[in-house]
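Inspection log for the structure reproduced underneath, given as C-alpha cells.
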Amino acid sequence: MAELAPIHPCLWFDSQAREAMEYYVSVFPDSRIDRIDEYPDEKLDEHFTGMSGKVLNGQFTLNGVPFTCLDGGPLFTFNESISFMVWCADQDEIDYYWSKLSHVPESEQCGWCKDRFGLSWQVIPANMGELTRTPAQVQVMMRQKKIVIAELENA
C-alpha cells in the first residue's frame with residue numbers, strides 16, 4: 001500500500017483511470033499500482049449509476065511519488081493550469097519522457113506537453129535555471145517545443 005503523504009495529487013478521469021495508472025507506471029521507474037477500489041453496487045446511490053467496474057479510488061506511485069485517481073465522469077477535465085514537472089538528468093532522459101508523454105503536438109511549448117489523457121507535463125532538464133540565464137538562451141527556449149539542451153548551451 002502507498003505511504004500516505006501529507007499532500008499528494010488526485011487526478012479525475014472520465015473513465016480511463018485504470019488505463020492511465022497502467023500507462024504511467026510503465027513510463028516511470030520505481031512505480032506501481034498500489035490499490036484499486038471499484039465503485040460499489042449502483043443501487044446504493046444514484047451517483048453510482050453506470051459506474052460499475054470503474055475506479056472509485058485508485059492509488060499508485062510514480063517514481064516514488066504517491067498519486068490518487070478516480071473515474072468521475074466527464075464533468076471535469078484537465079487543463080494547462082496544472083502540470084507535473086519531470087526533472088531530467090540529460091537529453092536522453094528528456095527524449096525518453098517526451099516520446100512517452102507528448103501526444104498533442106499543438107500543446108507543445110518550452111518543454112510543456114500533453115499526454116493522451118489530457119494531462120500536462122513539463123519535461124525539462126534539472127539544470128534549466130542555468131540553461132536560461134541569458135536573453136539569448138531564453139529566446140531559444142521560447143522557440144523550442146521539446147527542450148534541446150545543446151541548443152540552449154550554444155545560445
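Identifiers for the C-alpha cells are assigned positionally: chains receive A, B, ... in sequence, residues are indexed from 1 per chain, and ligands are indexed from 1 in the order shown.
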Inset, instruction - Name the residues of region 22-106 of chain A that come out as strand (DSSP E) in a backbone DSSP run; write them as a VMD selection string. - result: chain A and resid 32 to 38 55 to 62 65 to 71 83 to 88
Can you write just those residues out, C-alpha atoms, as an mmCIF file, in the first residue's frame?
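New file part_2.cif:
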```cif
data_model
loop_
_atom_site.group_PDB
_atom_site.id
_atom_site.type_symbol
_atom_site.label_atom_id
_atom_site.label_comp_id
_atom_site.auth_asym_id
_atom_site.auth_seq_id
_atom_site.Cartn_x
_atom_site.Cartn_y
_atom_site.Cartn_z
ATOM 1 C CA ARG A 32 3.479 0.665 -9.145
ATOM 2 C CA ILE A 33 -0.273 0.456 -8.769
ATOM 3 C CA ASP A 34 -0.874 0.216 -5.040
ATOM 4 C CA ARG A 35 -4.620 -0.236 -4.866
ATOM 5 C CA ILE A 36 -7.766 -0.085 -6.972
ATOM 6 C CA ASP A 37 -11.211 0.181 -5.386
ATOM 7 C CA GLU A 38 -14.112 -0.070 -7.790
ATOM 8 C CA VAL A 55 -12.299 3.197 -10.414
ATOM 9 C CA LEU A 56 -13.675 4.896 -7.309
ATOM 10 C CA ASN A 57 -10.269 5.171 -5.679
ATOM 11 C CA GLY A 58 -7.009 4.296 -7.401
ATOM 12 C CA GLN A 59 -3.724 4.683 -5.559
ATOM 13 C CA PHE A 60 -0.468 4.494 -7.452
ATOM 14 C CA THR A 61 3.141 5.598 -7.108
ATOM 15 C CA LEU A 62 5.194 7.249 -9.850
ATOM 16 C CA VAL A 65 5.562 9.968 -5.567
ATOM 17 C CA PRO A 66 2.072 8.873 -4.405
ATOM 18 C CA PHE A 67 -0.971 9.701 -6.530
ATOM 19 C CA THR A 68 -4.684 9.031 -6.232
ATOM 20 C CA CYS A 69 -7.148 8.922 -9.113
ATOM 21 C CA LEU A 70 -10.760 8.175 -9.880
ATOM 22 C CA ASP A 71 -13.244 7.795 -12.683
ATOM 23 C CA SER A 83 1.070 20.273 -14.787
ATOM 24 C CA PHE A 84 3.607 17.807 -13.439
ATOM 25 C CA MET A 85 7.308 18.501 -13.789
ATOM 26 C CA VAL A 86 9.689 15.770 -14.833
ATOM 27 C CA TRP A 87 13.227 16.884 -13.990
ATOM 28 C CA CYS A 88 15.604 15.115 -16.375
#
```
Inset, instruction - List the neighbours of region 125-142 of chain A out to 10 Å using only C-alpha atoms; skip same-chain residues closer than 4 positions along the sequence, and give me the result as JSON, numbers by chain. - result: {"A": [85, 86, 87, 88, 89, 90, 91, 93, 94, 109, 110, 111, 146, 147, 148, 149, 150, 151, 152, 153, 154, 155]}
Inset, instruction - Could you give me, as a ChimeraX atom specification, each residue of region 21-55 of chain A that DSSP assigns to helix (DSSP H, G or I) when run on this structure's backbone? - result: /A:21-27,42-44,46-48
Inset, instruction - Enter the distance from CA of Cys113 (chain A) to CA of Arg143 (chain A), in Å, rounded to one decimal. - result: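 Rounded to one decimal, the two atoms are 14.1 Å apart.
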Legend entry - Residues near Leu101 (chain A), cut-off 7 Å, only C-alpha atoms, skip fewer than 3 positions along chain, as JSON, numbers by chain: {"A": [97, 98, 114, 115]}
Legend entry - Residues within 12 Å of Leu119 (chain A), only C-alpha atoms, excluding chain neighbours under 3 positions, as a PyMOL selection string: chain A and resi 11-13+20+24+77-85+101-104+107+112-116+122
Export C-alpha atoms of the chosen residues as a PDB file, in the first residue's frame?
```pdb
ATOM      1  CA  LEU A  11      -6.467  13.003 -10.776  1.00  0.00           C
ATOM      2  CA  TRP A  12     -10.065  12.950 -12.030  1.00  0.00           C
ATOM      3  CA  PHE A  13     -10.549  10.950 -15.215  1.00  0.00           C
ATOM      4  CA  ALA A  20      -3.895   5.836 -17.075  1.00  0.00           C
ATOM      5  CA  TYR A  24       2.034   5.882 -16.149  1.00  0.00           C
ATOM      6  CA  THR A  77     -11.284  17.756 -17.422  1.00  0.00           C
ATOM      7  CA  PHE A  78      -7.594  18.582 -17.172  1.00  0.00           C
ATOM      8  CA  ASN A  79      -6.239  21.903 -18.357  1.00  0.00           C
ATOM      9  CA  GLU A  80      -2.827  23.556 -18.555  1.00  0.00           C
ATOM     10  CA  SER A  81      -3.222  25.396 -15.247  1.00  0.00           C
ATOM     11  CA  ILE A  82      -1.961  22.209 -13.563  1.00  0.00           C
ATOM     12  CA  SER A  83       1.070  20.273 -14.787  1.00  0.00           C
ATOM     13  CA  PHE A  84       3.607  17.807 -13.439  1.00  0.00           C
ATOM     14  CA  MET A  85       7.308  18.501 -13.789  1.00  0.00           C
ATOM     15  CA  LEU A 101       4.184  11.753 -22.673  1.00  0.00           C
ATOM     16  CA  SER A 102       3.735  14.081 -25.647  1.00  0.00           C
ATOM     17  CA  HIS A 103       0.625  13.162 -27.618  1.00  0.00           C
ATOM     18  CA  VAL A 104      -0.866  16.557 -28.548  1.00  0.00           C
ATOM     19  CA  SER A 107       0.102  21.775 -26.930  1.00  0.00           C
ATOM     20  CA  TRP A 112       5.430  21.502 -21.885  1.00  0.00           C
ATOM     21  CA  CYS A 113       3.431  18.693 -23.432  1.00  0.00           C
ATOM     22  CA  LYS A 114       0.103  16.974 -23.016  1.00  0.00           C
ATOM     23  CA  ASP A 115      -0.336  13.216 -22.731  1.00  0.00           C
ATOM     24  CA  ARG A 116      -3.026  11.035 -24.286  1.00  0.00           C
ATOM     25  CA  GLN A 122       6.846  19.797 -18.124  1.00  0.00           C
TER      26      GLN A 122
END
```
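CA of Leu75 (chain A) is positioned 29.1 Å from CA of Asn63 (chain A).
CA of Asp14 (chain A) is found 25.8 Å from CA of Pro29 (chain A).
You can rank A:Lys100, A:Gly72, A:Gly53, A:Phe117 by their closest distance to Ser26 (chain A) using only C-alpha atoms, and at the top of that list sits A:Lys100.
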Inset, instruction - Identify which of the residues A:Tyr96, A:Tyr39, A:Phe28, A:Phe76 lies closest to Gly118 (chain A), counting only C-alpha atoms when measuring atom-to-atom distances. - result: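 Among the listed residues, A:Phe76 lies closest to Gly118 (chain A).
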Inset, instruction - For each of A:Lys54, A:Gly73, A:Pro105, A:Asp92, take the minimum atom-to-atom distance to Arg18 (chain A), counting only C-alpha atoms, then give the residue where this is smallest. - result: A:Lys54
